[in-house]
$ cat coords-v1.cif   # mmCIF, C-alpha atoms
data_my_file
#
loop_
_atom_site.label_atom_id
_atom_site.label_comp_id
_atom_site.auth_asym_id
_atom_site.auth_seq_id
_atom_site.Cartn_x
_atom_site.Cartn_y
_atom_site.Cartn_z
CA PRO A 1 -17.22 -32.40 2.14
CA ILE A 2 -15.64 -31.47 5.47
CA GLN A 3 -15.49 -33.93 8.35
CA LEU A 4 -15.51 -32.77 11.96
CA LYS A 5 -13.88 -35.32 14.22
CA LEU A 6 -13.54 -35.25 17.99
CA SER A 7 -9.96 -35.86 19.06
CA SER A 8 -8.23 -36.35 22.40
CA SER A 9 -5.19 -34.37 21.31
CA THR A 10 -4.14 -31.43 19.16
CA SER A 11 -2.47 -33.74 16.64
CA THR A 12 -3.23 -32.94 13.00
CA THR A 13 -1.90 -36.26 11.64
CA PRO A 14 -4.65 -38.13 9.73
CA ASP A 15 -5.35 -41.81 10.23
CA GLU A 16 -3.43 -44.29 8.07
CA ASN A 17 -6.43 -44.82 5.79
CA GLU A 18 -6.77 -41.08 5.26
CA ASP A 19 -3.69 -40.54 3.06
CA ASN A 20 -5.69 -38.49 0.60
CA TYR A 21 -7.40 -36.38 3.22
CA ILE A 22 -6.33 -32.83 4.11
CA SER A 23 -6.02 -32.08 7.81
CA PHE A 24 -6.26 -28.47 8.88
CA THR A 25 -3.91 -27.29 11.60
CA ASN A 26 -5.73 -26.82 14.89
CA LYS A 27 -4.23 -23.57 16.12
CA TYR A 28 -6.71 -22.82 18.90
CA GLY A 29 -7.79 -25.18 21.65
CA ASN A 30 -8.06 -28.93 21.26
CA GLY A 31 -10.59 -31.71 20.96
CA LEU A 32 -11.84 -30.86 17.48
CA GLN A 33 -10.13 -31.93 14.26
CA LEU A 34 -11.13 -30.53 10.87
CA ILE A 35 -10.47 -32.77 7.86
CA ALA A 36 -11.27 -32.34 4.16
CA GLN A 37 -12.23 -35.77 2.86
CA GLN A 38 -11.33 -34.98 -0.74
CA GLN A 39 -9.38 -32.47 -2.77
CA PRO A 40 -11.13 -29.08 -2.98
CA ASN A 41 -13.45 -28.52 -5.90
CA LEU A 42 -11.82 -26.29 -8.46
CA ILE A 43 -13.16 -23.32 -10.38
CA VAL A 44 -10.84 -22.40 -13.22
CA TYR A 45 -11.49 -18.67 -13.14
CA ALA A 46 -9.20 -15.69 -12.66
CA GLY A 47 -11.04 -13.53 -10.21
CA LYS A 48 -11.78 -12.66 -6.61
CA ASN A 49 -14.58 -11.25 -4.47
CA LEU A 50 -16.92 -14.00 -5.66
CA HIS A 51 -19.91 -14.98 -3.53
CA TYR A 52 -22.11 -18.03 -3.23
CA PHE A 53 -25.87 -17.91 -2.82
CA SER A 54 -28.71 -20.37 -3.36
CA ASN A 55 -32.37 -20.29 -4.30
CA LYS A 56 -34.90 -23.07 -4.90
CA ASN A 57 -32.28 -25.80 -4.35
CA GLN A 58 -29.96 -24.28 -6.97
CA SER A 59 -26.49 -22.93 -6.28
CA PHE A 60 -25.04 -19.80 -7.81
CA LEU A 61 -21.79 -17.86 -7.75
CA GLU A 62 -21.98 -14.09 -8.00
CA ILE A 63 -19.11 -12.91 -10.18
CA TRP A 64 -19.93 -9.20 -10.44
CA PRO A 65 -22.50 -7.37 -8.28
CA GLY A 66 -23.09 -4.77 -10.97
CA GLY A 67 -22.11 -3.30 -14.28
CA PRO A 68 -23.96 -5.60 -15.14
CA HIS A 69 -24.84 -8.15 -12.46
CA GLU A 70 -23.20 -11.45 -13.47
CA VAL A 71 -23.93 -14.85 -11.95
CA ALA A 72 -22.70 -18.38 -12.69
CA VAL A 73 -24.76 -21.52 -12.16
CA LEU A 74 -22.81 -24.11 -10.15
CA ASN A 75 -23.67 -27.53 -8.83
CA PHE A 76 -21.70 -27.81 -5.61
CA THR A 77 -22.89 -31.38 -5.07
CA LYS A 78 -21.15 -32.65 -8.18
CA TYR A 79 -17.46 -33.50 -7.85
CA PRO A 80 -15.57 -32.11 -9.54
CA TYR A 81 -17.81 -29.49 -11.06
CA VAL A 82 -14.90 -28.32 -13.20
CA ASP A 83 -12.74 -30.73 -15.21
CA ARG A 84 -9.39 -30.95 -13.40
CA GLU A 85 -7.57 -33.04 -15.99
CA GLY A 86 -8.45 -31.04 -19.08
CA MET A 87 -8.63 -27.75 -17.17
CA ALA A 88 -11.89 -27.03 -18.94
CA GLY A 89 -13.09 -24.23 -16.78
CA PHE A 90 -15.46 -21.36 -16.46
CA GLU A 91 -16.27 -21.17 -20.15
CA GLN A 92 -18.28 -24.41 -19.75
CA ILE A 93 -20.33 -23.13 -16.85
CA GLU A 94 -23.60 -21.34 -17.55
CA GLN A 95 -23.24 -17.62 -16.92
CA ILE A 96 -26.17 -15.25 -16.56
CA LYS A 97 -26.13 -11.48 -17.04
CA ALA A 98 -28.90 -9.22 -15.80
CA LEU A 99 -31.09 -7.89 -18.59
CA LYS A 100 -32.58 -4.74 -17.09
CA THR A 101 -30.67 -1.47 -16.82
CA GLU A 102 -29.40 -0.92 -13.29
CA PRO A 103 -31.31 1.70 -11.30
CA ASN A 104 -29.65 4.92 -10.20
CA ALA A 105 -28.26 5.11 -6.69
CA THR A 106 -30.85 6.20 -4.15
CA PHE A 107 -28.68 9.06 -2.91
CA ILE A 108 -25.77 11.05 -4.26
CA THR A 109 -22.43 11.33 -2.43
CA LYS A 110 -19.22 13.26 -2.91
CA THR A 111 -17.81 10.30 -4.80
CA ASP A 112 -19.73 11.71 -7.76
CA VAL A 113 -17.47 14.77 -7.92
CA LYS A 114 -15.37 14.70 -11.08
CA LEU A 115 -11.60 15.12 -11.09
CA TYR A 116 -9.54 16.56 -13.93
CA ARG A 117 -10.48 15.52 -17.47
CA ASN A 118 -13.95 14.66 -16.20
CA ARG A 119 -12.68 11.47 -14.58
CA THR A 120 -14.41 10.11 -11.50
CA MET A 121 -12.54 9.41 -8.28
CA LEU A 122 -13.58 5.75 -8.17
CA ILE A 123 -12.93 2.71 -10.30
CA ASP A 124 -15.76 2.27 -12.77
CA ARG A 125 -17.32 -0.99 -11.55
CA ASP A 126 -18.49 -2.36 -8.21
CA SER A 127 -16.71 -5.41 -6.82
CA GLY A 128 -18.38 -7.88 -4.50
CA SER A 129 -17.98 -7.60 -0.72
CA THR A 130 -20.50 -10.05 0.72
CA CYS A 131 -23.81 -11.65 -0.21
CA CYS A 132 -26.65 -12.44 0.54
CA VAL A 133 -29.56 -12.13 2.98
CA LYS A 134 -33.27 -12.15 2.21
CA ILE A 135 -35.26 -8.93 2.52
CA LYS A 136 -38.91 -8.00 2.07
CA TRP A 137 -39.49 -5.41 -0.61
CA LYS A 138 -42.33 -3.18 -1.75
CA ALA A 139 -41.88 -1.04 -4.85
CA HIS A 140 -42.96 2.60 -4.56
CA ASP A 141 -45.75 2.01 -7.09
CA SER A 142 -47.07 -1.24 -5.61
CA ASP A 143 -48.51 -2.58 -2.38
CA LYS A 144 -47.38 -6.09 -3.21
CA GLU A 145 -44.52 -7.40 -1.07
CA ARG A 146 -41.92 -9.73 -2.52
CA GLU A 147 -38.60 -11.26 -1.50
CA LEU A 148 -35.24 -9.99 -2.77
CA LEU A 149 -31.63 -10.79 -1.95
CA LEU A 150 -29.38 -8.09 -0.48
CA GLY A 151 -25.60 -7.82 -0.60
CA PHE A 152 -22.75 -5.36 -0.13
CA SER A 153 -20.39 -4.17 -2.86
CA HIS A 154 -17.49 -1.75 -2.86
CA ARG A 155 -15.35 0.55 -4.95
CA LYS A 156 -12.03 2.21 -4.30
CA THR A 157 -10.44 5.43 -5.48
CA MET A 158 -8.05 5.38 -8.42
CA GLN A 159 -4.32 4.98 -7.75
CA ASN A 160 -3.64 8.47 -9.08
CA PRO A 161 -3.42 11.08 -7.66
CA LYS A 162 -1.58 9.18 -4.92
CA PHE A 163 -2.85 11.37 -2.07
CA TYR A 164 -6.36 10.00 -2.61
CA ALA A 165 -5.40 6.49 -3.71
CA TYR A 166 -7.15 3.37 -2.45
CA SER A 167 -9.84 4.78 -0.22
CA TYR A 168 -12.78 2.37 -0.02
CA VAL A 169 -16.52 3.01 -0.02
CA SER A 170 -19.43 0.55 0.13
CA ARG A 171 -23.03 0.30 -0.94
CA VAL A 172 -25.92 -2.12 -0.52
CA TYR A 173 -27.86 -3.50 -3.45
CA ALA A 174 -30.87 -5.78 -3.87
CA PHE A 175 -31.69 -8.12 -6.72
CA GLU A 176 -34.28 -10.60 -7.88
CA PRO A 177 -33.63 -14.11 -6.50
CA ASN A 178 -34.42 -15.73 -9.85
CA ALA A 179 -32.65 -15.55 -13.20
CA PRO A 180 -31.63 -13.22 -14.76
CA PHE A 181 -31.08 -11.71 -11.27
CA ASP A 182 -31.85 -8.12 -12.27
CA ILE A 183 -30.75 -5.42 -9.84
CA VAL A 184 -33.80 -3.76 -8.25
CA ALA A 185 -32.22 -1.06 -6.09
CA ARG A 186 -28.78 0.34 -5.21
CA SER A 187 -27.88 2.71 -2.40
CA GLY A 188 -25.36 5.51 -2.64
CA PHE A 189 -21.90 5.00 -1.22
CA PHE A 190 -21.06 5.12 2.50
CA CYS A 191 -18.40 4.00 4.96
CA LEU A 192 -18.40 1.82 8.07
CA GLY A 193 -16.58 3.38 11.00
CA PHE A 194 -13.77 2.84 13.47
CA ALA A 195 -14.04 1.06 16.81
CA THR A 196 -16.05 2.97 19.42
CA ASP A 197 -14.48 4.54 22.51
CA ASN A 198 -15.89 1.71 24.63
CA GLU A 199 -14.20 -0.88 22.40
CA LYS A 200 -10.92 0.99 22.65
CA ASN A 201 -11.11 1.14 26.45
CA VAL A 202 -11.48 -2.62 26.88
CA SER A 203 -9.32 -3.89 24.01
CA GLN A 204 -5.73 -5.02 24.45
CA ASN A 205 -5.17 -4.69 20.71
CA GLU A 206 -3.09 -1.59 20.04
CA GLN A 207 -4.63 -1.25 16.58
CA VAL A 208 -8.12 -1.02 18.05
CA ARG A 209 -6.87 1.47 20.62
CA GLY A 210 -5.84 3.97 18.01
CA ALA A 211 -2.77 2.96 16.02
CA ALA A 212 -4.90 2.48 12.88
CA ASP A 213 -7.13 5.50 13.38
CA LYS A 214 -4.87 8.03 11.68
CA HIS A 215 -5.68 6.61 8.25
CA LYS A 216 -8.87 8.41 7.18
CA LEU A 217 -11.03 8.27 4.09
CA LYS A 218 -9.87 10.86 1.58
CA LEU A 219 -12.05 12.09 -1.23
CA TRP A 220 -11.49 15.10 -3.43
CA LYS A 221 -10.32 17.99 -1.20
CA GLU A 222 -11.90 16.47 1.91
CA VAL A 223 -10.91 14.10 4.69
CA PHE A 224 -13.76 12.20 6.40
CA LYS A 225 -12.59 11.88 9.98
CA GLU A 226 -15.18 9.28 11.03
CA CYS A 227 -14.35 6.94 8.15
CA PRO A 228 -11.36 4.60 7.84
CA ARG A 229 -9.39 4.90 4.65
CA ILE A 230 -10.10 1.20 4.15
CA HIS A 231 -13.13 -0.65 5.37
CA PHE A 232 -13.95 -3.97 3.76
CA VAL A 233 -17.15 -5.86 4.43
CA THR A 234 -16.44 -9.59 4.66
CA GLY A 235 -19.65 -11.19 5.87
CA ILE A 236 -23.37 -10.80 6.48
CA THR A 237 -25.74 -13.24 8.18
CA GLU A 238 -29.06 -13.17 9.98
CA LYS A 239 -28.80 -12.95 13.75
CA TYR A 240 -29.67 -16.24 15.43
CA GLY A 241 -33.24 -16.09 16.69
CA ASP A 242 -33.94 -12.74 15.00
CA GLU A 243 -34.32 -12.91 11.23
CA GLU A 244 -35.03 -9.16 11.04
CA THR A 245 -31.52 -8.31 12.25
CA VAL A 246 -28.23 -9.01 10.49
CA ILE A 247 -24.67 -9.20 11.74
CA ILE A 248 -22.15 -7.52 9.45
CA SER A 249 -18.43 -8.20 9.75
CA TYR A 250 -15.81 -5.93 8.27
CA GLY A 251 -12.15 -5.03 8.53
CA VAL A 252 -10.75 -1.61 9.44
CA ASN A 253 -7.64 -0.40 7.60
CA ASP A 254 -6.51 -4.01 7.22
CA CYS A 255 -5.66 -3.90 10.93
CA TYR A 256 -8.58 -5.16 13.01
CA PRO A 257 -12.06 -6.67 12.56
CA ARG A 258 -15.45 -5.41 13.73
CA MET A 259 -18.94 -6.86 13.86
CA ILE A 260 -22.09 -4.77 14.06
CA GLU A 261 -25.79 -5.53 14.36
CA VAL A 262 -28.06 -3.74 11.90
CA SER A 263 -31.78 -4.09 11.29
CA LYS A 264 -32.91 -5.20 7.86
CA GLU A 265 -35.38 -2.32 8.01
CA PHE A 266 -32.48 0.16 8.10
CA LEU A 267 -30.68 -1.53 5.19
CA VAL A 268 -33.88 -1.49 3.14
CA SER A 269 -34.29 2.22 3.93
CA LEU A 270 -30.93 2.85 2.21
CA LEU A 271 -32.45 1.36 -0.94
CA LYS A 272 -35.31 3.86 -0.95
CA PRO A 273 -34.88 7.39 -2.42
CA LEU A 274 -34.21 9.95 0.27
#
$ encode --input "coords-v1.cif" --output "structure tokens"
Amino acid sequence: PIQLKLSSSTSTTPDENEDNYISFTNKYGNGLQLIAQQQPNLIVYAGKNLHYFSNKNQSFLEIWPGGPHEVAVLNFTKYPYVDREGMAGFEQIEQIKALKTEPNATFITKTDVKLYRNRTMLIDRDSGSTCCVKIKWKAHDSDKERELLLGFSHRKTMQNPKFYAYSYVSRVYAFEPNAPFDIVARSGFFCLGFATDNEKNVSQNEQVRGAADKHKLKLWKEVFKECPRIHFVTGITEKYGDEETVIISYGVNDCYPRMIEVSKEFLVSLLKPL
């Protein structure tokens, strides 16, 4: 658990009876001290781009968003939920793999062009970007509406040939909120763009004002001028007071952040065949 404590100074020194607590440095402002009251819970797992979600008072950790969809069942209220002393780790945690075959992407993009030796431009499995928000879903062959969870995933181009290396693309996907968490729909790949001219005019950040704009998305024999070479979605949440709109945060070329408002209706439209 994390304790928020009002403080009259910017000091990060814990009280004498808090020797085992972890105080976080207060770099901005004063009057609020953040303290971890115990050592962080530990997941013994070699990986990254993992995302937490919950449903029906159960907690889950998304390990892979596809290829297939893989989820671990975690109890975040139990401490520790992984054995620190024996380092018994992820192998003791229940892992769930989706059973149904993943649907085809709803639209085709130039990422599907093959390079030499019939190799694709992208790595062969999606990695997680951010997850999840609830959406309302109707299948094309049904009038019945149900609830799904929506997230973002990404892929990047292979490291060779170097001219096209490490360009990032994203997609949205939706899955059943209950085990085995089968994927219901996946969009094609897309990018999220640079800062707008208005943002550049008011920003004092030289990266926003153009220093990062020269790095464009490169796919086979084409440069996409409106797309950063790297965009990386880092968060999604419902807008306060408007559950039909989400706020998406992402980084541009590892240089500056952006946040955009997008309707859930638009995101769901990406999951429908064009």
$ residues_near_point --input "coords-v1.cif" --point "(-33.5, -3.7, -7.1)" --cutoff "10 Å" --atoms "all atoms listed in the file" --output "number ranges by chain"
A: 102-104, 137, 139, 148-150, 173-176, 181-187, 271-272
$ axis_aligned_box --input "coords-v1.cif" --around "range 235-254 of chain A" --padding-each-side "8 Å" --output "AutoDock Vina command-line options"
--center_x -20.8 --center_y -8.3 --center_z 11.3 --size_x 44.5 --size_y 31.8 --size_z 26.8
$ residues_around --input "coords-v1.cif" --residues "Gln207 in chain A" --least-positions-apart "6" --cutoff "12 Å" --atoms "only C-alpha atoms" --output "list in words"
Phe194, Ala195, Glu199, Lys200, Asp213, Lys214, His215, Gly251, Val252, Asn253, Asp254, Cys255, Tyr256, Pro257 and Arg258 of chain A
$ atom_distance --input "coords-v1.cif" --atom1 "CA of Thr130 in chain A" --atom2 "CA of Lys156 in chain A"
15.7 Å
$ closest_residue --input "coords-v1.cif" --among "A:His231, A:Lys144, A:Lys110, A:Lys225" --to "Tyr166 in chain A" --atoms "only C-alpha atoms"
A:His231
$ atom_distance --input "coords-v1.cif" --atom1 "CA of Val246 in chain A" --atom2 "CA of Thr111 in chain A"
26.7 Å
$ resolve_selection --input "coords-v1.cif" --expression "the PyMOL selection byres ((chain A and resi 168) around 10)" --output "list in words"
Leu122, His154, Arg155, Lys156, Thr157, Ala165, Tyr166, Ser167, Val169, Ser170, Phe189, Phe190, Cys191, Leu192, Leu217, Lys218, Leu219, Cys227, Pro228, Arg229, Ile230, His231, Phe232 and Asn253 of chain A
$ residues_around --input "coords-v1.cif" --residues "Val71 in chain A" --least-positions-apart "2" --cutoff "7 Å" --atoms "all atoms listed in the file" --output "list in words"
Phe60, Leu61, Glu62, Ile63, His69, Val73, Gln95, Ile96 and Lys97 of chain A
$ closest_residue --input "coords-v1.cif" --among "A:Lys136, A:Lys264, A:Arg171, A:Lys100" --to "Glu244 in chain A" --atoms "all atoms listed in the file"
A:Lys264
$ atom_distance --input "coords-v1.cif" --atom1 "CA of Ile248 in chain A" --atom2 "CA of Asn49 in chain A"
16.3 Å
$ closest_residue --input "coords-v1.cif" --among "A:Pro65, A:Thr196, A:Gly188, A:Lys162" --to "Val208 in chain A" --atoms "all atoms listed in the file"
A:Thr196
$ build_atoms --input "coords-v1.cif" --residues "range 242-253 of chain A" --atoms "all heavy atoms" --output "mmCIF file, in the frame of the given file"
data_model
loop_
_atom_site.group_PDB
_atom_site.id
_atom_site.type_symbol
_atom_site.label_atom_id
_atom_site.label_comp_id
_atom_site.auth_asym_id
_atom_site.auth_seq_id
_atom_site.Cartn_x
_atom_site.Cartn_y
_atom_site.Cartn_z
ATOM 1 N N ASP A 242 -33.364 -14.033 15.386
ATOM 2 C CA ASP A 242 -33.940 -12.740 15.000
ATOM 3 C C ASP A 242 -33.661 -12.503 13.523
ATOM 4 O O ASP A 242 -32.668 -11.885 13.153
ATOM 5 C CB ASP A 242 -33.343 -11.609 15.845
ATOM 6 C CG ASP A 242 -33.929 -10.242 15.507
ATOM 7 O OD1 ASP A 242 -34.869 -10.177 14.686
ATOM 8 O OD2 ASP A 242 -33.425 -9.237 16.045
ATOM 9 N N GLU A 243 -34.559 -12.977 12.671
ATOM 10 C CA GLU A 243 -34.320 -12.910 11.230
ATOM 11 C C GLU A 243 -34.476 -11.498 10.666
ATOM 12 O O GLU A 243 -34.189 -11.271 9.496
ATOM 13 C CB GLU A 243 -35.259 -13.855 10.497
ATOM 14 C CG GLU A 243 -36.731 -13.535 10.642
ATOM 15 C CD GLU A 243 -37.620 -14.518 9.907
ATOM 16 O OE1 GLU A 243 -37.142 -15.616 9.557
ATOM 17 O OE2 GLU A 243 -38.809 -14.193 9.699
ATOM 18 N N GLU A 244 -34.912 -10.545 11.498
ATOM 19 C CA GLU A 244 -35.030 -9.160 11.040
ATOM 20 C C GLU A 244 -33.795 -8.335 11.358
ATOM 21 O O GLU A 244 -33.747 -7.140 11.065
ATOM 22 C CB GLU A 244 -36.268 -8.503 11.661
ATOM 23 C CG GLU A 244 -37.575 -9.147 11.230
ATOM 24 C CD GLU A 244 -37.733 -9.182 9.711
ATOM 25 O OE1 GLU A 244 -37.434 -8.157 9.063
ATOM 26 O OE2 GLU A 244 -38.138 -10.242 9.185
ATOM 27 N N THR A 245 -32.778 -8.973 11.938
ATOM 28 C CA THR A 245 -31.520 -8.310 12.250
ATOM 29 C C THR A 245 -30.378 -9.078 11.612
ATOM 30 O O THR A 245 -30.389 -10.312 11.595
ATOM 31 C CB THR A 245 -31.298 -8.235 13.783
ATOM 32 O OG1 THR A 245 -32.384 -7.505 14.377
ATOM 33 C CG2 THR A 245 -29.977 -7.544 14.118
ATOM 34 N N VAL A 246 -29.400 -8.355 11.081
ATOM 35 C CA VAL A 246 -28.230 -9.010 10.490
ATOM 36 C C VAL A 246 -26.984 -8.613 11.259
ATOM 37 O O VAL A 246 -26.925 -7.559 11.905
ATOM 38 C CB VAL A 246 -28.065 -8.651 8.995
ATOM 39 C CG1 VAL A 246 -29.244 -9.121 8.193
ATOM 40 C CG2 VAL A 246 -27.825 -7.157 8.805
ATOM 41 N N ILE A 247 -25.998 -9.485 11.195
ATOM 42 C CA ILE A 247 -24.670 -9.200 11.740
ATOM 43 C C ILE A 247 -23.732 -9.002 10.559
ATOM 44 O O ILE A 247 -23.635 -9.863 9.677
ATOM 45 C CB ILE A 247 -24.177 -10.331 12.650
ATOM 46 C CG1 ILE A 247 -25.120 -10.478 13.853
ATOM 47 C CG2 ILE A 247 -22.744 -10.070 13.120
ATOM 48 C CD1 ILE A 247 -24.798 -11.660 14.738
ATOM 49 N N ILE A 248 -23.065 -7.873 10.531
ATOM 50 C CA ILE A 248 -22.150 -7.520 9.450
ATOM 51 C C ILE A 248 -20.741 -7.516 10.004
ATOM 52 O O ILE A 248 -20.470 -6.890 11.040
ATOM 53 C CB ILE A 248 -22.491 -6.133 8.864
ATOM 54 C CG1 ILE A 248 -23.911 -6.129 8.292
ATOM 55 C CG2 ILE A 248 -21.481 -5.731 7.790
ATOM 56 C CD1 ILE A 248 -24.452 -4.740 8.029
ATOM 57 N N SER A 249 -19.843 -8.221 9.343
ATOM 58 C CA SER A 249 -18.430 -8.200 9.750
ATOM 59 C C SER A 249 -17.632 -7.440 8.705
ATOM 60 O O SER A 249 -17.911 -7.522 7.509
ATOM 61 C CB SER A 249 -17.890 -9.626 9.890
ATOM 62 O OG SER A 249 -17.983 -10.325 8.664
ATOM 63 N N TYR A 250 -16.655 -6.675 9.194
ATOM 64 C CA TYR A 250 -15.810 -5.930 8.270
ATOM 65 C C TYR A 250 -14.456 -5.637 8.905
ATOM 66 O O TYR A 250 -14.297 -5.690 10.136
ATOM 67 C CB TYR A 250 -16.487 -4.633 7.810
ATOM 68 C CG TYR A 250 -16.661 -3.547 8.861
ATOM 69 C CD1 TYR A 250 -15.768 -2.484 8.956
ATOM 70 C CD2 TYR A 250 -17.754 -3.562 9.716
ATOM 71 C CE1 TYR A 250 -15.945 -1.476 9.888
ATOM 72 C CE2 TYR A 250 -17.938 -2.565 10.662
ATOM 73 C CZ TYR A 250 -17.037 -1.510 10.741
ATOM 74 O OH TYR A 250 -17.212 -0.522 11.681
ATOM 75 N N GLY A 251 -13.485 -5.355 8.061
ATOM 76 C CA GLY A 251 -12.150 -5.030 8.530
ATOM 77 C C GLY A 251 -11.894 -3.528 8.443
ATOM 78 O O GLY A 251 -12.433 -2.839 7.565
ATOM 79 N N VAL A 252 -11.085 -3.025 9.367
ATOM 80 C CA VAL A 252 -10.750 -1.610 9.440
ATOM 81 C C VAL A 252 -9.280 -1.417 9.118
ATOM 82 O O VAL A 252 -8.403 -1.917 9.840
ATOM 83 C CB VAL A 252 -11.072 -1.026 10.832
ATOM 84 C CG1 VAL A 252 -10.635 0.439 10.916
ATOM 85 C CG2 VAL A 252 -12.555 -1.164 11.138
ATOM 86 N N ASN A 253 -9.008 -0.730 8.014
ATOM 87 C CA ASN A 253 -7.640 -0.400 7.600
ATOM 88 C C ASN A 253 -6.718 -1.621 7.572
ATOM 89 O O ASN A 253 -5.512 -1.516 7.843
ATOM 90 C CB ASN A 253 -7.050 0.693 8.500
ATOM 91 C CG ASN A 253 -7.579 2.067 8.135
ATOM 92 O OD1 ASN A 253 -7.956 2.312 6.989
ATOM 93 N ND2 ASN A 253 -7.597 2.979 9.095
#
